[in-house]
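Participant: I'm passing along entry_18.txt; it holds compact mmCIF, C-alpha atoms.
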```txt
# COMPACT_ATOMS: atom_id res chain seq x y z
CA MET A 1 170.35 86.35 84.52
CA ALA A 2 167.37 85.42 82.43
CA GLU A 3 166.77 81.74 83.22
CA ASP A 4 163.02 81.71 83.02
CA ALA A 5 161.56 78.49 81.60
CA THR A 6 160.53 77.19 85.01
CA PHE A 7 159.45 80.59 86.32
CA PRO A 8 155.97 81.99 85.68
CA HIS A 9 155.30 84.11 82.62
CA ALA A 10 158.12 82.68 80.51
CA THR A 11 157.87 84.19 77.04
CA ASP A 12 158.04 82.43 73.69
CA PRO A 13 160.55 84.90 72.16
CA ARG A 14 163.04 84.02 74.89
CA ARG A 15 162.57 80.32 74.20
CA ALA A 16 163.07 80.90 70.49
CA LEU A 17 166.24 82.89 71.14
CA ARG A 18 167.54 80.18 73.47
CA GLN A 19 166.95 77.46 70.89
CA ALA A 20 168.55 79.46 68.08
CA MET A 21 171.67 80.28 70.11
CA GLN A 22 172.03 76.70 71.35
CA ALA A 23 171.82 75.40 67.79
CA ARG A 24 174.47 77.87 66.64
CA ARG A 25 176.79 76.82 69.47
CA ARG A 26 176.39 73.14 68.69
CA ALA A 27 177.22 73.78 65.03
CA LEU A 28 180.71 75.11 65.80
CA ASP A 29 183.54 72.88 64.61
CA ALA A 30 186.25 71.63 66.96
CA ARG A 31 188.89 73.96 65.58
CA THR A 32 186.74 77.01 66.29
CA ARG A 33 185.93 75.78 69.80
CA ILE A 34 189.60 75.26 70.68
CA ALA A 35 190.69 78.61 69.25
CA SER A 36 187.87 80.40 71.06
CA ALA A 37 188.78 78.76 74.38
CA GLU A 38 192.38 79.94 73.99
CA ALA A 39 191.25 83.46 73.11
CA LEU A 40 188.87 83.48 76.08
CA ALA A 41 191.74 82.57 78.42
CA HIS A 42 193.67 85.58 77.13
CA GLN A 43 190.69 87.90 77.67
CA LEU A 44 190.15 86.62 81.21
CA GLY A 45 193.75 87.51 82.00
CA ALA A 46 192.68 91.18 81.88
CA LEU A 47 190.25 90.72 84.78
CA PRO A 48 192.11 91.72 87.98
CA ALA A 49 189.68 89.92 90.29
CA LEU A 50 190.93 86.59 88.96
CA SER A 51 194.40 87.31 90.32
CA ALA A 52 193.28 87.89 93.92
CA PRO A 53 193.20 85.07 96.50
CA GLY A 54 189.83 83.42 96.88
CA TYR A 55 187.39 80.88 95.52
CA VAL A 56 186.66 81.15 91.80
CA ALA A 57 183.75 79.14 90.44
CA GLY A 58 183.57 78.01 86.86
CA TYR A 59 181.57 75.34 85.06
CA TRP A 60 181.94 72.12 83.09
CA ALA A 61 181.12 73.10 79.51
CA VAL A 62 178.23 71.17 77.93
CA ASP A 63 175.92 71.62 74.95
CA GLY A 64 178.43 73.70 73.01
CA GLU A 65 179.23 76.17 75.82
CA LEU A 66 182.49 78.09 75.54
CA SER A 67 184.98 75.97 77.45
CA LEU A 68 187.16 77.15 80.34
CA HIS A 69 189.72 74.37 79.83
CA ALA A 70 192.41 76.80 78.61
CA ALA A 71 191.70 79.41 81.28
CA VAL A 72 191.67 77.28 84.42
CA PRO A 73 195.36 76.20 84.31
CA ARG A 74 196.34 79.88 84.09
CA LEU A 75 194.70 80.83 87.38
CA ALA A 76 197.11 81.94 90.09
CA ASP A 77 198.27 79.34 92.61
CA HIS A 78 196.43 81.11 95.45
CA VAL A 79 193.10 80.83 93.62
CA VAL A 80 190.94 77.83 94.49
CA TYR A 81 188.93 76.71 91.47
CA CYS A 82 185.43 75.31 92.10
CA LEU A 83 182.67 73.64 90.11
CA PRO A 84 178.93 73.91 90.78
CA CYS A 85 176.98 71.12 92.46
CA LEU A 86 173.21 70.80 92.51
CA ALA A 87 171.75 71.20 95.98
CA ASP A 88 168.53 69.54 97.08
CA ASP A 89 166.71 72.87 97.25
CA THR A 90 167.21 73.61 93.51
CA ARG A 91 170.08 75.95 94.24
CA LEU A 92 173.79 75.60 93.65
CA GLN A 93 176.65 74.86 95.98
CA PHE A 94 180.28 74.83 94.90
CA ALA A 95 183.13 72.41 95.52
CA PRO A 96 186.88 72.79 94.98
CA TRP A 97 188.17 70.75 92.06
CA ARG A 98 191.50 70.07 90.35
CA ALA A 99 192.14 68.12 87.18
CA GLY A 100 192.15 64.43 88.07
CA ASP A 101 189.86 64.75 91.09
CA PRO A 102 186.88 62.36 91.04
CA LEU A 103 183.64 63.48 89.44
CA VAL A 104 180.07 62.24 89.41
CA GLN A 105 177.26 63.10 87.03
CA ASN A 106 174.30 65.06 88.34
CA ARG A 107 170.74 64.46 87.20
CA TYR A 108 171.38 66.47 84.04
CA GLY A 109 174.45 64.40 83.17
CA ILE A 110 176.84 67.25 84.01
CA PRO A 111 180.00 66.27 85.94
CA GLU A 112 180.45 67.75 89.41
CA PRO A 113 183.01 67.07 92.18
CA ASP A 114 182.41 63.91 94.16
CA LEU A 115 182.39 65.60 97.57
CA ALA A 116 179.96 65.43 100.48
CA PRO A 117 177.64 68.44 100.87
CA SER A 118 179.47 69.33 104.08
CA SER A 119 182.60 70.01 102.01
CA ARG A 120 180.88 72.40 99.62
CA LEU A 121 180.81 76.19 99.61
CA SER A 122 177.78 78.44 99.57
CA PRO A 123 177.44 81.01 96.76
CA SER A 124 178.22 83.87 99.15
CA GLU A 125 181.67 82.40 99.93
CA LEU A 126 182.91 82.83 96.37
CA SER A 127 184.95 85.77 95.11
CA VAL A 128 184.32 85.35 91.37
CA VAL A 129 181.80 83.27 89.45
CA LEU A 130 182.23 82.46 85.75
CA LEU A 131 178.74 81.71 84.47
CA PRO A 132 177.85 80.09 81.16
CA LEU A 133 175.25 81.91 79.11
CA VAL A 134 173.08 81.38 76.06
CA ALA A 135 172.64 85.07 75.21
CA PHE A 136 173.55 88.41 76.78
CA ASP A 137 173.38 92.15 76.35
CA ARG A 138 175.80 94.85 77.44
CA ARG A 139 173.59 95.90 80.33
CA GLY A 140 174.49 92.63 82.07
CA ASN A 141 171.31 90.72 81.32
CA ARG A 142 171.85 87.01 80.74
CA LEU A 143 169.73 84.30 79.15
CA GLY A 144 170.65 80.91 80.58
CA MET A 145 169.50 77.35 80.06
CA GLY A 146 166.13 78.00 81.65
CA ALA A 147 166.22 76.15 84.97
CA GLY A 148 166.92 79.21 87.12
CA TYR A 149 169.69 77.77 89.29
CA TYR A 150 171.99 80.76 89.06
CA ASP A 151 169.23 83.29 89.65
CA ARG A 152 168.05 81.51 92.77
CA SER A 153 171.56 80.90 94.07
CA PHE A 154 172.75 84.47 93.63
CA ALA A 155 169.52 86.29 94.37
CA PHE A 156 171.30 88.11 97.22
CA ARG A 157 173.35 90.00 94.60
CA ARG A 158 170.23 91.95 93.66
CA GLU A 159 170.50 93.68 97.04
CA ARG A 160 174.25 94.10 97.43
CA ALA A 161 177.45 94.63 95.50
CA ALA A 162 180.12 92.02 94.81
CA PRO A 163 181.54 89.69 96.01
CA PRO A 164 181.04 87.46 94.33
CA LEU A 165 181.75 89.16 91.04
CA LEU A 166 179.45 87.68 88.40
CA VAL A 167 181.13 87.19 85.03
CA GLY A 168 179.18 85.79 82.10
CA ILE A 169 181.09 83.65 79.58
CA GLY A 170 179.99 83.19 75.99
CA TYR A 171 180.85 83.55 72.32
CA ALA A 172 180.70 87.00 70.78
CA PHE A 173 177.86 85.92 68.51
CA GLN A 174 175.68 85.35 71.57
CA GLU A 175 175.35 89.09 72.13
CA VAL A 176 171.97 90.68 71.41
CA ASP A 177 170.93 94.32 71.51
CA THR A 178 168.71 93.89 74.54
CA LEU A 179 167.13 91.16 76.64
CA SER A 180 163.86 91.56 78.47
CA VAL A 181 164.27 91.64 82.25
CA GLN A 182 162.32 89.54 84.73
CA PRO A 183 161.96 90.35 88.45
CA TRP A 184 164.13 87.37 89.45
CA ASP A 185 167.01 88.17 87.09
CA VAL A 186 170.41 88.80 88.68
CA PRO A 187 172.53 91.07 86.46
CA LEU A 188 176.12 90.36 85.52
CA ASP A 189 179.08 92.58 86.37
CA PHE A 190 181.10 91.58 83.32
CA VAL A 191 180.79 89.48 80.19
CA VAL A 192 183.88 87.91 78.61
CA THR A 193 183.91 86.51 75.10
CA GLU A 194 186.72 85.27 72.89
CA ARG A 195 186.97 88.83 71.56
CA GLU A 196 186.63 91.19 74.52
CA LEU A 197 186.00 91.86 78.19
CA ILE A 198 182.81 93.86 78.63
CA ALA A 199 182.11 95.90 81.77
CA CYS A 200 178.33 95.81 81.94
CA GLN A 201 176.58 99.18 82.10
CA ARG A 202 173.25 99.24 83.87
```
Here is the file; what I need is its structure written in the form of structure tokens.
Facilitator:
Amino acid sequence: MAEDATFPHATDPRRALRQAMQARRRALDARTRIASAEALAHQLGALPALSAPGYVAGYWAVDGELSLHAAVPRLADHVVYCLPCLADDTRLQFAPWRAGDPLVQNRYGIPEPDLAPSSRLSPSELSVVLLPLVAFDRRGNRLGMGAGYYDRSFAFRRERAAPPLLVGIGYAFQEVDTLSVQPWDVPLDFVVTERELIACQR
């Protein structure tokens, strides 16, 4: 997961790619966004891990990210859906959330569940994580927003297999031939777009 702006040795080409992809996302019209979210929900239905009992983490779509609003209601009843919360140590925790539950905005203005830290889950307690991305390649490399939260939070996945299963979510146009890899990057297991489910080959 290539979230490198706050890490040393961040490269200008990655910043340029991030800016170009973000601009293209923001330019999408509402009709395209809604249709893509519906198509994404269909593609996610082909991922068996989402049908198993456990905690599934998603995200609150911002800045043109491909929304999960059509996919979340289709999760099985025995799946507990969670949203990320910023922890004080610049890592993520996760809290169960259902539509209508109270939310608060974090320091980036992104809504997160209004729950005490003692009620949150650690990254290792999750079974599946749906991660937003800015760009990706089929080897499972991911370019994120640049703050590094996901890489720090799931660093343990560099040393062991799933769980949690790491599933990148993005539009098909966000695919690139290859992304440069940094030592802190945590690779994805799958990428799902509005067009297909990709099993990453490393």
Participant: Contacts of region 129-136 of chain A at 8 Å or less, counting all atoms listed in the file, minus same-chain residues fewer than 2 places along, as a PyMOL selection string?
Facilitator: chain A and resi 17-18+21-22+56-59+61+65-66+126-127+138+140-145+164-170+174-176+178-179
Participant: Counting only C-alpha atoms, figure out which residue out of A:Thr90, A:Leu197, A:Ser124, A:Pro183 gets nearest to Arg152 (chain A).
Facilitator: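 Using only C-alpha atoms, the shortest distance to Arg152 (chain A) belongs to A:Thr90.
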Participant: Please, which residues are within 10 Å of (194.0, 81.5, 91.3) by the file's coordinates, counting only C-alpha atoms, and could they come as a PDB file with C-alpha atoms, keeping the file's coordinate frame?
Facilitator:
```
ATOM      1  CA  ALA A  49     189.680  89.920  90.290  1.00  0.00           C
ATOM      2  CA  LEU A  50     190.930  86.590  88.960  1.00  0.00           C
ATOM      3  CA  SER A  51     194.400  87.310  90.320  1.00  0.00           C
ATOM      4  CA  ALA A  52     193.280  87.890  93.920  1.00  0.00           C
ATOM      5  CA  PRO A  53     193.200  85.070  96.500  1.00  0.00           C
ATOM      6  CA  GLY A  54     189.830  83.420  96.880  1.00  0.00           C
ATOM      7  CA  TYR A  55     187.390  80.880  95.520  1.00  0.00           C
ATOM      8  CA  VAL A  56     186.660  81.150  91.800  1.00  0.00           C
ATOM      9  CA  VAL A  72     191.670  77.280  84.420  1.00  0.00           C
ATOM     10  CA  PRO A  73     195.360  76.200  84.310  1.00  0.00           C
ATOM     11  CA  ARG A  74     196.340  79.880  84.090  1.00  0.00           C
ATOM     12  CA  LEU A  75     194.700  80.830  87.380  1.00  0.00           C
ATOM     13  CA  ALA A  76     197.110  81.940  90.090  1.00  0.00           C
ATOM     14  CA  ASP A  77     198.270  79.340  92.610  1.00  0.00           C
ATOM     15  CA  HIS A  78     196.430  81.110  95.450  1.00  0.00           C
ATOM     16  CA  VAL A  79     193.100  80.830  93.620  1.00  0.00           C
ATOM     17  CA  VAL A  80     190.940  77.830  94.490  1.00  0.00           C
ATOM     18  CA  TYR A  81     188.930  76.710  91.470  1.00  0.00           C
TER      19      TYR A  81
END
```
Participant: What separation in Å, quoted to one decimal, exists between CA of Ser153 (chain A) and CA of Arg91 (chain A)?
Facilitator: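 Here the two named atoms are 5.2 Å from each other.
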Participant: What is the CA of Arg195 (chain A)-CA of Ala172 (chain A) distance in Å, reported with one decimal?
Facilitator: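 Calculated distance between CA of Arg195 (chain A) and CA of Ala172 (chain A) is 6.6 Å.
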Participant: Out of A:Phe154, A:Ala41, A:Ala35, A:Ala199, which residue has the shortest atom-to-atom distance to Glu125 (chain A) when counting only C-alpha atoms?
Facilitator: A:Phe154
Participant: Rounded to one decimal place, report the CA of Ala155 (chain A)-CA of Pro123 (chain A) distance in Å.
Facilitator: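 Going from CA of Ala155 (chain A) over to CA of Pro123 (chain A), I get 9.8 Å.
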Participant: Ranking A:Ala116, A:Leu188, A:Ile110, A:Ala39 by minimum distance to Ala95 (chain A) and counting only C-alpha atoms, which one comes first?
Facilitator: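 For Ala95 (chain A), the nearest of the candidates is A:Ala116.
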Participant: Could you give me region 105-130 of chain A completed to N, CA, C and O atoms, formatted as a PDB file, keeping the file's coordinate frame?
Facilitator:
```
ATOM      1  N   GLN A 105     178.218  62.386  87.873  1.00  0.00           N
ATOM      2  CA  GLN A 105     177.260  63.100  87.030  1.00  0.00           C
ATOM      3  C   GLN A 105     176.013  63.431  87.834  1.00  0.00           C
ATOM      4  O   GLN A 105     175.483  62.582  88.552  1.00  0.00           O
ATOM      5  N   ASN A 106     175.556  64.684  87.689  1.00  0.00           N
ATOM      6  CA  ASN A 106     174.300  65.060  88.340  1.00  0.00           C
ATOM      7  C   ASN A 106     173.115  64.608  87.497  1.00  0.00           C
ATOM      8  O   ASN A 106     173.291  63.927  86.483  1.00  0.00           O
ATOM      9  N   ARG A 107     171.929  64.973  87.897  1.00  0.00           N
ATOM     10  CA  ARG A 107     170.740  64.460  87.200  1.00  0.00           C
ATOM     11  C   ARG A 107     170.593  64.971  85.772  1.00  0.00           C
ATOM     12  O   ARG A 107     169.786  64.459  84.998  1.00  0.00           O
ATOM     13  N   TYR A 108     171.377  65.986  85.414  1.00  0.00           N
ATOM     14  CA  TYR A 108     171.380  66.470  84.040  1.00  0.00           C
ATOM     15  C   TYR A 108     172.529  65.883  83.226  1.00  0.00           C
ATOM     16  O   TYR A 108     172.721  66.250  82.065  1.00  0.00           O
ATOM     17  N   GLY A 109     173.311  64.998  83.854  1.00  0.00           N
ATOM     18  CA  GLY A 109     174.450  64.400  83.170  1.00  0.00           C
ATOM     19  C   GLY A 109     175.678  65.276  83.140  1.00  0.00           C
ATOM     20  O   GLY A 109     176.624  64.999  82.390  1.00  0.00           O
ATOM     21  N   ILE A 110     175.704  66.331  83.967  1.00  0.00           N
ATOM     22  CA  ILE A 110     176.840  67.250  84.010  1.00  0.00           C
ATOM     23  C   ILE A 110     177.777  66.816  85.141  1.00  0.00           C
ATOM     24  O   ILE A 110     177.325  66.620  86.274  1.00  0.00           O
ATOM     25  N   PRO A 111     179.071  66.674  84.881  1.00  0.00           N
ATOM     26  CA  PRO A 111     180.000  66.270  85.940  1.00  0.00           C
ATOM     27  C   PRO A 111     180.111  67.333  87.036  1.00  0.00           C
ATOM     28  O   PRO A 111     180.109  68.535  86.754  1.00  0.00           O
ATOM     29  N   GLU A 112     180.197  66.864  88.279  1.00  0.00           N
ATOM     30  CA  GLU A 112     180.450  67.750  89.410  1.00  0.00           C
ATOM     31  C   GLU A 112     181.345  67.010  90.409  1.00  0.00           C
ATOM     32  O   GLU A 112     181.401  65.779  90.406  1.00  0.00           O
ATOM     33  N   PRO A 113     182.082  67.733  91.249  1.00  0.00           N
ATOM     34  CA  PRO A 113     183.010  67.070  92.180  1.00  0.00           C
ATOM     35  C   PRO A 113     182.301  66.075  93.084  1.00  0.00           C
ATOM     36  O   PRO A 113     181.190  66.322  93.561  1.00  0.00           O
ATOM     37  N   ASP A 114     182.963  64.966  93.311  1.00  0.00           N
ATOM     38  CA  ASP A 114     182.410  63.910  94.160  1.00  0.00           C
ATOM     39  C   ASP A 114     182.791  64.187  95.616  1.00  0.00           C
ATOM     40  O   ASP A 114     183.655  63.533  96.199  1.00  0.00           O
ATOM     41  N   LEU A 115     182.136  65.189  96.187  1.00  0.00           N
ATOM     42  CA  LEU A 115     182.390  65.600  97.570  1.00  0.00           C
ATOM     43  C   LEU A 115     181.083  65.645  98.341  1.00  0.00           C
ATOM     44  O   LEU A 115     180.026  65.959  97.779  1.00  0.00           O
ATOM     45  N   ALA A 116     181.151  65.364  99.618  1.00  0.00           N
ATOM     46  CA  ALA A 116     179.960  65.430 100.480  1.00  0.00           C
ATOM     47  C   ALA A 116     179.473  66.875 100.565  1.00  0.00           C
ATOM     48  O   ALA A 116     180.273  67.818 100.479  1.00  0.00           O
ATOM     49  N   PRO A 117     178.169  67.076 100.736  1.00  0.00           N
ATOM     50  CA  PRO A 117     177.640  68.440 100.870  1.00  0.00           C
ATOM     51  C   PRO A 117     178.327  69.253 101.957  1.00  0.00           C
ATOM     52  O   PRO A 117     178.450  70.476 101.831  1.00  0.00           O
ATOM     53  N   SER A 118     178.804  68.603 102.999  1.00  0.00           N
ATOM     54  CA  SER A 118     179.470  69.330 104.080  1.00  0.00           C
ATOM     55  C   SER A 118     180.793  69.949 103.646  1.00  0.00           C
ATOM     56  O   SER A 118     181.324  70.833 104.332  1.00  0.00           O
ATOM     57  N   SER A 119     181.331  69.490 102.508  1.00  0.00           N
ATOM     58  CA  SER A 119     182.600  70.010 102.010  1.00  0.00           C
ATOM     59  C   SER A 119     182.410  71.094 100.945  1.00  0.00           C
ATOM     60  O   SER A 119     183.386  71.609 100.404  1.00  0.00           O
ATOM     61  N   ARG A 120     181.170  71.433 100.665  1.00  0.00           N
ATOM     62  CA  ARG A 120     180.880  72.400  99.620  1.00  0.00           C
ATOM     63  C   ARG A 120     180.797  73.817 100.170  1.00  0.00           C
ATOM     64  O   ARG A 120     180.619  74.025 101.367  1.00  0.00           O
ATOM     65  N   LEU A 121     180.888  74.781  99.263  1.00  0.00           N
ATOM     66  CA  LEU A 121     180.810  76.190  99.610  1.00  0.00           C
ATOM     67  C   LEU A 121     179.455  76.752  99.210  1.00  0.00           C
ATOM     68  O   LEU A 121     178.852  76.318  98.218  1.00  0.00           O
ATOM     69  N   SER A 122     179.000  77.737  99.947  1.00  0.00           N
ATOM     70  CA  SER A 122     177.780  78.440  99.570  1.00  0.00           C
ATOM     71  C   SER A 122     178.125  79.518  98.541  1.00  0.00           C
ATOM     72  O   SER A 122     179.282  79.953  98.441  1.00  0.00           O
ATOM     73  N   PRO A 123     177.155  79.977  97.760  1.00  0.00           N
ATOM     74  CA  PRO A 123     177.440  81.010  96.760  1.00  0.00           C
ATOM     75  C   PRO A 123     178.066  82.273  97.343  1.00  0.00           C
ATOM     76  O   PRO A 123     178.906  82.902  96.693  1.00  0.00           O
ATOM     77  N   SER A 124     177.711  82.638  98.554  1.00  0.00           N
ATOM     78  CA  SER A 124     178.220  83.870  99.150  1.00  0.00           C
ATOM     79  C   SER A 124     179.693  83.782  99.552  1.00  0.00           C
ATOM     80  O   SER A 124     180.324  84.804  99.833  1.00  0.00           O
ATOM     81  N   GLU A 125     180.263  82.577  99.566  1.00  0.00           N
ATOM     82  CA  GLU A 125     181.670  82.400  99.930  1.00  0.00           C
ATOM     83  C   GLU A 125     182.623  82.583  98.755  1.00  0.00           C
ATOM     84  O   GLU A 125     183.839  82.592  98.936  1.00  0.00           O
ATOM     85  N   LEU A 126     182.091  82.720  97.566  1.00  0.00           N
ATOM     86  CA  LEU A 126     182.910  82.830  96.370  1.00  0.00           C
ATOM     87  C   LEU A 126     183.365  84.276  96.148  1.00  0.00           C
ATOM     88  O   LEU A 126     182.687  85.221  96.564  1.00  0.00           O
ATOM     89  N   SER A 127     184.491  84.425  95.468  1.00  0.00           N
ATOM     90  CA  SER A 127     184.950  85.770  95.110  1.00  0.00           C
ATOM     91  C   SER A 127     184.596  86.129  93.675  1.00  0.00           C
ATOM     92  O   SER A 127     184.265  87.277  93.372  1.00  0.00           O
ATOM     93  N   VAL A 128     184.663  85.149  92.778  1.00  0.00           N
ATOM     94  CA  VAL A 128     184.320  85.350  91.370  1.00  0.00           C
ATOM     95  C   VAL A 128     183.564  84.126  90.883  1.00  0.00           C
ATOM     96  O   VAL A 128     183.898  82.994  91.247  1.00  0.00           O
ATOM     97  N   VAL A 129     182.553  84.361  90.053  1.00  0.00           N
ATOM     98  CA  VAL A 129     181.800  83.270  89.450  1.00  0.00           C
ATOM     99  C   VAL A 129     181.796  83.468  87.934  1.00  0.00           C
ATOM    100  O   VAL A 129     181.388  84.528  87.442  1.00  0.00           O
ATOM    101  N   LEU A 130     182.280  82.477  87.213  1.00  0.00           N
ATOM    102  CA  LEU A 130     182.230  82.460  85.750  1.00  0.00           C
ATOM    103  C   LEU A 130     181.007  81.661  85.347  1.00  0.00           C
ATOM    104  O   LEU A 130     180.940  80.455  85.583  1.00  0.00           O
TER     105      LEU A 130
END
```
